[in-house]
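Reproduced below: data_19.pdb, with PDB, C-alpha atoms.
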```pdb
ATOM      1  CA  MET A   1      95.657 110.739  97.662
ATOM      2  CA  SER A   2      94.160 107.631  99.238
ATOM      3  CA  MET A   3      94.475 107.040 102.978
ATOM      4  CA  ARG A   4      96.561 103.931 102.329
ATOM      5  CA  GLU A   5      99.121 105.929 100.362
ATOM      6  CA  LYS A   6      99.235 108.574 103.094
ATOM      7  CA  VAL A   7      99.859 105.868 105.699
ATOM      8  CA  ALA A   8     102.690 104.514 103.531
ATOM      9  CA  TRP A   9     104.253 108.007 103.281
ATOM     10  CA  ILE A  10     103.962 108.499 107.044
ATOM     11  CA  SER A  11     105.522 105.100 107.657
ATOM     12  CA  VAL A  12     108.465 105.768 105.319
ATOM     13  CA  VAL A  13     109.233 109.224 106.730
ATOM     14  CA  VAL A  14     108.792 108.318 110.413
ATOM     15  CA  SER A  15     110.627 104.979 110.147
ATOM     16  CA  THR A  16     113.511 106.497 108.212
ATOM     17  CA  ILE A  17     113.982 109.299 110.752
ATOM     18  CA  ILE A  18     113.358 107.356 113.990
ATOM     19  CA  PHE A  19     115.040 104.074 113.096
ATOM     20  CA  GLY A  20     117.704 105.964 111.147
ATOM     21  CA  TRP A  21     118.556 107.712 114.411
ATOM     22  CA  TYR A  22     118.537 104.394 116.313
ATOM     23  CA  PHE A  23     120.868 102.631 113.871
ATOM     24  CA  TRP A  24     123.104 105.701 113.736
ATOM     25  CA  THR A  25     123.550 105.488 117.525
ATOM     26  CA  VAL A  26     124.209 101.738 117.270
ATOM     27  CA  TRP A  27     126.834 102.423 114.599
ATOM     28  CA  SER A  28     128.434 105.105 116.814
ATOM     29  CA  ASP A  29     128.585 102.665 119.744
ATOM     30  CA  PHE A  30     130.008 100.004 117.440
ATOM     31  CA  ALA A  31     132.685 102.389 116.145
ATOM     32  CA  THR A  32     133.770 103.245 119.701
ATOM     33  CA  GLN A  33     133.567  99.575 120.787
ATOM     34  CA  SER A  34     131.033 100.462 123.465
ATOM     35  CA  LEU A  35     128.032  98.324 122.511
ATOM     36  CA  ASP A  36     125.969  97.553 125.589
ATOM     37  CA  GLY A  37     123.247  94.940 125.022
ATOM     38  CA  ASP A  38     121.035  96.009 127.926
ATOM     39  CA  GLU A  39     121.197  99.696 127.061
ATOM     40  CA  LEU A  40     120.569  98.970 123.376
ATOM     41  CA  PHE A  41     117.555  96.813 124.228
ATOM     42  CA  TRP A  42     115.829  99.647 126.113
ATOM     43  CA  ARG A  43     116.890 102.203 123.516
ATOM     44  CA  PHE A  44     115.259 100.019 120.855
ATOM     45  CA  VAL A  45     112.069  99.572 122.904
ATOM     46  CA  LYS A  46     111.789 103.359 123.373
ATOM     47  CA  THR A  47     112.476 103.911 119.658
ATOM     48  CA  LEU A  48     109.802 101.375 118.700
ATOM     49  CA  ILE A  49     107.217 102.936 121.019
ATOM     50  CA  ALA A  50     108.041 106.422 119.673
ATOM     51  CA  ALA A  51     107.713 105.208 116.073
ATOM     52  CA  VAL A  52     104.341 103.535 116.711
ATOM     53  CA  VAL A  53     102.927 106.521 118.634
ATOM     54  CA  ILE A  54     104.089 109.090 116.058
ATOM     55  CA  GLN A  55     102.841 107.026 113.111
ATOM     56  CA  LEU A  56      99.477 106.444 114.738
ATOM     57  CA  ALA A  57      99.058 110.105 115.669
ATOM     58  CA  ALA A  58     100.115 111.272 112.202
ATOM     59  CA  ALA A  59      97.740 108.844 110.480
ATOM     60  CA  ILE A  60      94.813 109.858 112.719
ATOM     61  CA  TYR A  61      95.557 113.529 112.051
ATOM     62  CA  ALA A  62      95.833 112.921 108.278
ATOM     63  CA  ALA A  63      92.481 111.090 108.247
ATOM     64  CA  TRP A  64      90.816 113.775 110.369
ATOM     65  CA  HIS A  65      92.283 116.622 108.287
ATOM     66  CA  ALA A  66      91.140 115.150 104.966
ATOM     67  CA  LYS A  67      87.879 113.799 106.440
ATOM     68  CA  GLN A  68      88.848 110.315 105.243
ATOM     69  CA  ASP A  69      88.162 106.914 106.756
ATOM     70  CA  PHE A  70      91.133 106.033 109.012
ATOM     71  CA  ASP A  71      91.208 102.379 107.941
ATOM     72  CA  PRO A  72      89.105 101.980 104.774
ATOM     73  CA  PRO A  73      88.349  98.471 103.500
ATOM     74  CA  LYS A  74      90.800  97.354 100.819
ATOM     75  CA  ASP A  75      89.528  97.012  97.274
ATOM     76  CA  GLU A  76      91.076  94.824  94.572
ATOM     77  CA  LEU A  77      93.654  97.444  93.524
ATOM     78  CA  ASP A  78      94.769  97.947  97.138
ATOM     79  CA  LEU A  79      95.091  94.174  97.524
ATOM     80  CA  ALA A  80      97.075  93.841  94.273
ATOM     81  CA  ILE A  81      99.429  96.629  95.387
ATOM     82  CA  ASP A  82      99.823  95.034  98.835
ATOM     83  CA  HIS A  83     100.484  91.638  97.293
ATOM     84  CA  ARG A  84     103.219  92.977  94.999
ATOM     85  CA  ALA A  85     104.857  95.004  97.776
ATOM     86  CA  ASN A  86     104.726  92.046 100.185
ATOM     87  CA  ARG A  87     106.300  89.739  97.615
ATOM     88  CA  ILE A  88     109.203  92.110  96.922
ATOM     89  CA  GLY A  89     109.593  92.933 100.636
ATOM     90  CA  LEU A  90     109.678  89.249 101.539
ATOM     91  CA  THR A  91     112.264  88.499  98.838
ATOM     92  CA  CYS A  92     114.389  91.382 100.178
ATOM     93  CA  LEU A  93     114.058  89.990 103.700
ATOM     94  CA  GLU A  94     114.978  86.436 102.668
ATOM     95  CA  LEU A  95     118.073  87.560 100.774
ATOM     96  CA  SER A  96     119.098  89.932 103.563
ATOM     97  CA  ILE A  97     118.809  87.218 106.216
ATOM     98  CA  VAL A  98     121.021  84.949 104.120
ATOM     99  CA  GLY A  99     123.450  87.894 103.944
ATOM    100  CA  VAL A 100     123.355  88.250 107.739
ATOM    101  CA  VAL A 101     124.068  84.529 108.120
ATOM    102  CA  PHE A 102     127.146  84.880 105.888
ATOM    103  CA  ALA A 103     128.165  88.061 107.743
ATOM    104  CA  SER A 104     127.935  86.247 111.091
ATOM    105  CA  ARG A 105     131.400  84.798 110.585
ATOM    106  CA  TRP A 106     132.883  88.282 110.116
ATOM    107  CA  VAL A 107     130.828  89.575 113.078
ATOM    108  CA  THR A 108     132.142  86.778 115.317
ATOM    109  CA  ASP A 109     135.727  87.619 114.405
ATOM    110  CA  MET A 110     135.125  91.296 115.202
ATOM    111  CA  ALA A 111     133.469  90.473 118.516
ATOM    112  CA  ARG A 112     136.497  88.376 119.534
ATOM    113  CA  VAL A 113     138.784  91.355 118.933
ATOM    114  CA  ASP A 114     136.522  94.165 120.230
ATOM    115  CA  TYR A 115     134.957  92.376 123.224
ATOM    116  CA  PRO A 116     137.540  89.812 124.453
ATOM    117  CA  ALA A 117     135.809  89.563 127.868
ATOM    118  CA  ASP A 118     132.492  88.458 126.332
ATOM    119  CA  PRO A 119     132.812  87.634 122.611
ATOM    120  CA  ALA A 120     129.568  85.610 122.576
ATOM    121  CA  GLY A 121     127.616  88.506 124.029
ATOM    122  CA  GLY A 122     129.231  90.954 121.603
ATOM    123  CA  THR A 123     128.352  88.659 118.695
ATOM    124  CA  ALA A 124     124.735  88.372 119.852
ATOM    125  CA  VAL A 125     124.292  92.150 120.211
ATOM    126  CA  MET A 126     125.793  92.823 116.784
ATOM    127  CA  LEU A 127     123.799  90.098 115.046
ATOM    128  CA  VAL A 128     120.505  91.127 116.660
ATOM    129  CA  ASN A 129     121.033  94.710 115.535
ATOM    130  CA  LEU A 130     122.082  93.567 112.071
ATOM    131  CA  LEU A 131     118.824  91.578 111.871
ATOM    132  CA  LEU A 132     116.819  94.560 113.124
ATOM    133  CA  PHE A 133     118.493  96.703 110.470
ATOM    134  CA  VAL A 134     117.579  94.377 107.598
ATOM    135  CA  VAL A 135     114.005  93.950 108.891
ATOM    136  CA  ALA A 136     113.544  97.745 109.165
ATOM    137  CA  THR A 137     115.134  98.346 105.755
ATOM    138  CA  CYS A 138     112.919  95.746 104.050
ATOM    139  CA  ALA A 139     109.846  97.185 105.784
ATOM    140  CA  VAL A 140     110.678 100.672 104.494
ATOM    141  CA  LEU A 141     111.352  99.233 101.025
ATOM    142  CA  ARG A 142     107.917  97.593 101.123
ATOM    143  CA  GLU A 143     106.243 100.928 101.928
ATOM    144  CA  VAL A 144     108.249 102.679  99.187
ATOM    145  CA  ILE A 145     107.006 100.085  96.687
ATOM    146  CA  ILE A 146     103.425 100.748  97.826
ATOM    147  CA  ILE A 147     103.913 104.491  97.246
ATOM    148  CA  VAL A 148     105.491 103.949  93.808
ATOM    149  CA  GLN A 149     102.575 101.749  92.743
ATOM    150  CA  TYR A 150      99.916 104.188  93.966
ATOM    151  CA  ARG A 151     101.723 106.973  92.074
ATOM    152  CA  ARG A 152     101.742 104.775  88.953
ATOM    153  CA  TYR A 153      97.969 104.421  89.067
ATOM    154  CA  ALA A 154      97.257 108.043  90.102
TER     155      ALA A 154
ATOM    156  CA  MET B   1     106.096 101.446  83.297
ATOM    157  CA  PRO B   2     104.194  98.743  81.354
ATOM    158  CA  PRO B   3     102.063  99.863  78.394
ATOM    159  CA  PRO B   4      98.354 100.406  79.137
ATOM    160  CA  PRO B   5      96.119  97.381  78.551
ATOM    161  CA  PRO B   6      94.500  97.228  75.071
ATOM    162  CA  ILE B   7      91.107  97.994  76.585
ATOM    163  CA  THR B   8      89.105 101.196  76.364
ATOM    164  CA  ASN B   9      86.119 102.146  78.474
ATOM    165  CA  THR B  10      83.200 104.542  78.422
ATOM    166  CA  ILE B  11      82.839 105.031  82.169
ATOM    167  CA  ARG B  12      83.301 108.800  81.951
ATOM    168  CA  ARG B  13      80.474 109.131  79.392
ATOM    169  CA  LEU B  14      78.241 106.690  81.291
ATOM    170  CA  ARG B  15      78.745 108.695  84.492
ATOM    171  CA  PHE B  16      77.821 111.850  82.575
ATOM    172  CA  ASP B  17      74.705 110.163  81.173
ATOM    173  CA  HIS B  18      73.674 109.133  84.667
ATOM    174  CA  GLY B  19      73.278 112.617  86.063
ATOM    175  CA  GLU B  20      76.997 113.415  86.344
ATOM    176  CA  MET B  21      77.534 110.591  88.792
ATOM    177  CA  THR B  22      80.764 111.254  90.688
ATOM    178  CA  GLN B  23      83.668 108.815  90.811
ATOM    179  CA  GLN B  24      83.143 108.670  94.567
ATOM    180  CA  GLU B  25      79.497 107.644  94.146
ATOM    181  CA  LEU B  26      80.345 104.956  91.610
ATOM    182  CA  ALA B  27      83.167 103.738  93.857
ATOM    183  CA  HIS B  28      80.804 103.575  96.822
ATOM    184  CA  ARG B  29      78.209 101.594  94.857
ATOM    185  CA  ILE B  30      80.641  98.899  93.775
ATOM    186  CA  GLY B  31      82.742  98.804  96.958
ATOM    187  CA  MET B  32      85.903 100.398  95.615
ATOM    188  CA  THR B  33      87.911 103.529  96.342
ATOM    189  CA  ARG B  34      87.613 106.674  94.224
ATOM    190  CA  GLN B  35      91.291 106.304  93.310
ATOM    191  CA  THR B  36      90.652 102.861  91.814
ATOM    192  CA  ILE B  37      87.720 104.163  89.747
ATOM    193  CA  ALA B  38      89.936 107.001  88.494
ATOM    194  CA  ALA B  39      92.662 104.493  87.538
ATOM    195  CA  ILE B  40      90.132 102.318  85.667
ATOM    196  CA  GLU B  41      88.624 105.345  83.914
ATOM    197  CA  GLN B  42      92.059 106.528  82.774
ATOM    198  CA  ASN B  43      92.826 103.028  81.522
ATOM    199  CA  LYS B  44      95.739 102.657  83.934
ATOM    200  CA  TYR B  45      94.256  99.646  85.683
ATOM    201  CA  SER B  46      92.183  96.751  84.320
ATOM    202  CA  PRO B  47      89.540  95.714  86.848
ATOM    203  CA  SER B  48      88.635  92.135  87.636
ATOM    204  CA  LEU B  49      85.789  90.570  85.703
ATOM    205  CA  GLU B  50      83.576  90.821  88.777
ATOM    206  CA  ALA B  51      84.270  94.545  89.185
ATOM    207  CA  ALA B  52      83.625  95.087  85.469
ATOM    208  CA  PHE B  53      80.226  93.389  85.781
ATOM    209  CA  ARG B  54      79.423  95.472  88.854
ATOM    210  CA  ILE B  55      80.223  98.693  86.997
ATOM    211  CA  ALA B  56      78.005  97.620  84.071
ATOM    212  CA  GLU B  57      75.239  96.727  86.535
ATOM    213  CA  VAL B  58      75.329 100.203  88.100
ATOM    214  CA  PHE B  59      74.766 101.793  84.683
ATOM    215  CA  GLY B  60      72.239  99.137  83.632
ATOM    216  CA  VAL B  61      74.132  98.217  80.467
ATOM    217  CA  GLU B  62      75.948  95.181  79.069
ATOM    218  CA  ILE B  63      79.608  94.842  79.991
ATOM    219  CA  GLY B  64      80.560  95.342  76.326
ATOM    220  CA  GLU B  65      79.102  98.831  76.455
ATOM    221  CA  VAL B  66      81.448  99.733  79.295
ATOM    222  CA  PHE B  67      84.662  97.999  78.227
ATOM    223  CA  GLN B  68      85.868  97.484  74.664
ATOM    224  CA  TRP B  69      88.811  95.418  73.448
ATOM    225  CA  LYS B  70      91.139  97.490  71.266
ATOM    226  CA  LYS B  71      91.982  95.430  68.205
ATOM    227  CA  SER B  72      95.691  95.477  67.361
ATOM    228  CA  GLY B  73      97.328  95.179  63.971
ATOM    229  CA  PRO B  74      95.687  95.195  60.510
TER     230      PRO B  74
END
```
Just give me the structure of the file as structure tokens.
Amino acid sequence: MSMREKVAWISVVVSTIIFGWYFWTVWSDFATQSLDGDELFWRFVKTLIAAVVIQLAAAIYAAWHAKQDFDPPKDELDLAIDHRANRIGLTCLELSIVGVVFASRWVTDMARVDYPADPAGGTAVMLVNLLLFVVATCAVLREVIIIVQYRRYA
Amino acid sequence: MPPPPPITNTIRRLRFDHGEMTQQELAHRIGMTRQTIAAIEQNKYSPSLEAAFRIAEVFGVEIGEVFQWKKSGP
């Protein structure tokens, strides 16, 4: 297995677990109408740092264990795979953002009901996390497409 | 999965004829990964024209001796 495919596997597994946990906690807060923008911001920062550190450590270990180059230069097949994955990932992101824009009306209505003291703040927190969710989902999709393509050529 | 390209190649035999050259060695000489060489050899990936010329250059043969177009139909 090439180092690039290993990195994609690490990214999918770590992102799914770490960001899955983050969005699960956001959903729990949302369900109990206790979203707190400041707390969520720091929770997200900690989650992001944990994801980066774990992915980096796992990739370094994988390269060391298999005696592979940590960041090998891309050849034409790697570039073709990247290009295809980026194109699909970007399309997913574009469509998802349009979806978030349409959902903003529904989010605003919910914020008015759930956070009557600060509906604008509630809307902002929900929309930011909705955007983070679609960005993370499209990023994972992109890595999954990379894995599928490497498996196709293996 | 799309059907394999109608191209065959003799890279495996050429490697054998050149002192059992490994896929890794060939990959290193043309600036590719071993996985890409394996995909080309198994006819799962068609390389660029430049890569095809580089492979032929390593073996010191014409490109037509490395890659052959598979004629279709009668």
Original post:
So which residues get picked by the ChimeraX specification (/B :<9) & /A here, written as a list of chain:residue names?
Top reply: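 That expression, the ChimeraX specification (/B :<9) & /A, corresponds here to A:Met1, A:Ser2, A:Pro72, A:Pro73, A:Lys74, A:Asp75, A:Glu76, A:Leu77, A:Asp78, A:Tyr150, A:Arg152, A:Tyr153, A:Ala154.
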Selection from above, C-alpha atoms, as a PDB file, keeping the file's coordinate frame, can you write it?
```
ATOM      1  CA  MET A   1      95.657 110.739  97.662  1.00  0.00           C
ATOM      2  CA  SER A   2      94.160 107.631  99.238  1.00  0.00           C
ATOM      3  CA  PRO A  72      89.105 101.980 104.774  1.00  0.00           C
ATOM      4  CA  PRO A  73      88.349  98.471 103.500  1.00  0.00           C
ATOM      5  CA  LYS A  74      90.800  97.354 100.819  1.00  0.00           C
ATOM      6  CA  ASP A  75      89.528  97.012  97.274  1.00  0.00           C
ATOM      7  CA  GLU A  76      91.076  94.824  94.572  1.00  0.00           C
ATOM      8  CA  LEU A  77      93.654  97.444  93.524  1.00  0.00           C
ATOM      9  CA  ASP A  78      94.769  97.947  97.138  1.00  0.00           C
ATOM     10  CA  TYR A 150      99.916 104.188  93.966  1.00  0.00           C
ATOM     11  CA  ARG A 152     101.742 104.775  88.953  1.00  0.00           C
ATOM     12  CA  TYR A 153      97.969 104.421  89.067  1.00  0.00           C
ATOM     13  CA  ALA A 154      97.257 108.043  90.102  1.00  0.00           C
TER      14      ALA A 154
END
```
Original post:
Separation of atom CA of A:Val128 and atom CA of A:Pro116, in Å?
Top reply: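 These atoms are spaced 18.8 Å apart.
The two atoms in question, atom CA of A:Trp27 and atom CA of A:Ala50, are spaced 19.9 Å apart.
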Subject >> Gap from atom CA of B:Pro6 to atom CA of B:Lys70 - Å, one decimal >> reply: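 Result for atom CA of B:Pro6 versus atom CA of B:Lys70: 5.1 Å, one decimal.
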Subject >> Near-stretch 37-47 of chain A list (9 Å; all atoms listed in the file; drop same-chain fewer than 2 positions) as a PyMOL selection string >> reply: chain A and resi 18-19+21-22+26+35+49-52+121-122+124-126+129
Original post:
Of the candidates A:Phe23, A:Leu79, A:Ser15, A:Ala120, which one gets nearest to A:Ile54 if we count all atoms listed in the file?
Top reply: A:Ser15
Subject >> Spatial neighbours of B:Val66, 7 Å, only C-alpha atoms, chain gap at least 5 places, as a list in words >> reply: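 Close residues of B:Val66: Asn9, Thr10, Ile11 and Ala56 of chain B.
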Subject >> Distance criterion (all atoms listed in the file): nearest to A:Leu90 out of A:Thr16, A:Thr25, A:Ser34, A:Thr137 >> reply: A:Thr137
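Closest approach to A:Val100 from the set A:Ala58, A:Leu127, A:Met3, A:Arg87 is made by A:Leu127, with distances taken over all atoms listed in the file.
Using only C-alpha atoms, the nearest neighbour of B:Arg12 within the list B:Glu57, B:Glu62, B:Glu41, B:Glu25 is B:Glu41.
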Original post:
Quick one: which residues end up in the PyMOL selection byres ((chain A and resi 145) around 9) for this structure, as a ChimeraX atom specification?
Top reply: /A:81,84-85,88-89,140-144,146-150
Would you mind exporting C-alpha atoms of the selected residues as a compact mmCIF listing (two decimals), keeping the file's coordinate frame?
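result-v2.txt, freshly written:
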```
# COMPACT_ATOMS: atom_id res chain seq x y z
CA ILE A 81 99.43 96.63 95.39
CA ARG A 84 103.22 92.98 95.00
CA ALA A 85 104.86 95.00 97.78
CA ILE A 88 109.20 92.11 96.92
CA GLY A 89 109.59 92.93 100.64
CA VAL A 140 110.68 100.67 104.49
CA LEU A 141 111.35 99.23 101.02
CA ARG A 142 107.92 97.59 101.12
CA GLU A 143 106.24 100.93 101.93
CA VAL A 144 108.25 102.68 99.19
CA ILE A 146 103.42 100.75 97.83
CA ILE A 147 103.91 104.49 97.25
CA VAL A 148 105.49 103.95 93.81
CA GLN A 149 102.58 101.75 92.74
CA TYR A 150 99.92 104.19 93.97
```
Sphere at (95.2, 103.4, 113.3), radius 12 Å, counting all atoms listed in the file: residues as a PDB file with C-alpha atoms, in the coordinates of the input:
```
ATOM      1  CA  MET A   3      94.475 107.040 102.978  1.00  0.00           C
ATOM      2  CA  ARG A   4      96.561 103.931 102.329  1.00  0.00           C
ATOM      3  CA  VAL A   7      99.859 105.868 105.699  1.00  0.00           C
ATOM      4  CA  ILE A  10     103.962 108.499 107.044  1.00  0.00           C
ATOM      5  CA  SER A  11     105.522 105.100 107.657  1.00  0.00           C
ATOM      6  CA  VAL A  52     104.341 103.535 116.711  1.00  0.00           C
ATOM      7  CA  VAL A  53     102.927 106.521 118.634  1.00  0.00           C
ATOM      8  CA  ILE A  54     104.089 109.090 116.058  1.00  0.00           C
ATOM      9  CA  GLN A  55     102.841 107.026 113.111  1.00  0.00           C
ATOM     10  CA  LEU A  56      99.477 106.444 114.738  1.00  0.00           C
ATOM     11  CA  ALA A  57      99.058 110.105 115.669  1.00  0.00           C
ATOM     12  CA  ALA A  58     100.115 111.272 112.202  1.00  0.00           C
ATOM     13  CA  ALA A  59      97.740 108.844 110.480  1.00  0.00           C
ATOM     14  CA  ILE A  60      94.813 109.858 112.719  1.00  0.00           C
ATOM     15  CA  TYR A  61      95.557 113.529 112.051  1.00  0.00           C
ATOM     16  CA  ALA A  62      95.833 112.921 108.278  1.00  0.00           C
ATOM     17  CA  ALA A  63      92.481 111.090 108.247  1.00  0.00           C
ATOM     18  CA  TRP A  64      90.816 113.775 110.369  1.00  0.00           C
ATOM     19  CA  ASP A  69      88.162 106.914 106.756  1.00  0.00           C
ATOM     20  CA  PHE A  70      91.133 106.033 109.012  1.00  0.00           C
ATOM     21  CA  ASP A  71      91.208 102.379 107.941  1.00  0.00           C
ATOM     22  CA  PRO A  72      89.105 101.980 104.774  1.00  0.00           C
TER      23      PRO A  72
END
```
Place N, CA, C and O atoms on stretch 60-74 of chain A and deliver the coordinates as an mmCIF file, in the frame of the given file.
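Output contents, as saved in part32.cif:
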```cif
data_model
loop_
_atom_site.group_PDB
_atom_site.id
_atom_site.type_symbol
_atom_site.label_atom_id
_atom_site.label_comp_id
_atom_site.auth_asym_id
_atom_site.auth_seq_id
_atom_site.Cartn_x
_atom_site.Cartn_y
_atom_site.Cartn_z
ATOM 1 N N ILE A 60 96.114 109.379 112.225
ATOM 2 C CA ILE A 60 94.813 109.858 112.719
ATOM 3 C C ILE A 60 94.612 111.319 112.311
ATOM 4 O O ILE A 60 93.540 111.701 111.835
ATOM 5 N N TYR A 61 95.665 112.118 112.443
ATOM 6 C CA TYR A 61 95.557 113.529 112.051
ATOM 7 C C TYR A 61 95.285 113.653 110.545
ATOM 8 O O TYR A 61 94.426 114.448 110.120
ATOM 9 N N ALA A 62 96.010 112.863 109.741
ATOM 10 C CA ALA A 62 95.833 112.921 108.278
ATOM 11 C C ALA A 62 94.404 112.545 107.891
ATOM 12 O O ALA A 62 93.795 113.184 107.031
ATOM 13 N N ALA A 63 93.860 111.519 108.540
ATOM 14 C CA ALA A 63 92.481 111.090 108.247
ATOM 15 C C ALA A 63 91.485 112.162 108.671
ATOM 16 O O ALA A 63 90.555 112.488 107.938
ATOM 17 N N TRP A 64 91.717 112.732 109.859
ATOM 18 C CA TRP A 64 90.816 113.775 110.369
ATOM 19 C C TRP A 64 90.879 115.018 109.481
ATOM 20 O O TRP A 64 89.855 115.599 109.114
ATOM 21 N N HIS A 65 92.095 115.408 109.079
ATOM 22 C CA HIS A 65 92.283 116.622 108.287
ATOM 23 C C HIS A 65 91.620 116.505 106.920
ATOM 24 O O HIS A 65 91.034 117.469 106.417
ATOM 25 N N ALA A 66 91.707 115.321 106.309
ATOM 26 C CA ALA A 66 91.140 115.150 104.966
ATOM 27 C C ALA A 66 89.725 114.560 105.029
ATOM 28 O O ALA A 66 89.159 114.245 103.976
ATOM 29 N N LYS A 67 89.214 114.395 106.240
ATOM 30 C CA LYS A 67 87.879 113.799 106.440
ATOM 31 C C LYS A 67 87.762 112.449 105.720
ATOM 32 O O LYS A 67 86.799 112.168 105.022
ATOM 33 N N GLN A 68 88.826 111.644 105.857
ATOM 34 C CA GLN A 68 88.848 110.315 105.243
ATOM 35 C C GLN A 68 88.683 109.243 106.309
ATOM 36 O O GLN A 68 88.942 109.501 107.497
ATOM 37 N N ASP A 69 88.277 108.061 105.862
ATOM 38 C CA ASP A 69 88.162 106.914 106.756
ATOM 39 C C ASP A 69 89.578 106.535 107.194
ATOM 40 O O ASP A 69 90.474 106.409 106.354
ATOM 41 N N PHE A 70 89.795 106.339 108.500
ATOM 42 C CA PHE A 70 91.133 106.033 109.012
ATOM 43 C C PHE A 70 91.658 104.696 108.476
ATOM 44 O O PHE A 70 92.823 104.575 108.122
ATOM 45 N N ASP A 71 90.787 103.698 108.421
ATOM 46 C CA ASP A 71 91.208 102.379 107.941
ATOM 47 C C ASP A 71 90.153 101.838 106.961
ATOM 48 O O ASP A 71 89.383 100.941 107.294
ATOM 49 N N PRO A 72 90.144 102.399 105.728
ATOM 50 C CA PRO A 72 89.105 101.980 104.774
ATOM 51 C C PRO A 72 89.301 100.532 104.337
ATOM 52 O O PRO A 72 90.437 100.041 104.317
ATOM 53 N N PRO A 73 88.194 99.844 103.986
ATOM 54 C CA PRO A 73 88.349 98.471 103.500
ATOM 55 C C PRO A 73 89.150 98.456 102.195
ATOM 56 O O PRO A 73 89.024 99.375 101.380
ATOM 57 N N LYS A 74 89.959 97.417 102.017
ATOM 58 C CA LYS A 74 90.800 97.354 100.819
ATOM 59 C C LYS A 74 89.973 96.882 99.630
ATOM 60 O O LYS A 74 89.212 95.919 99.769
#
```
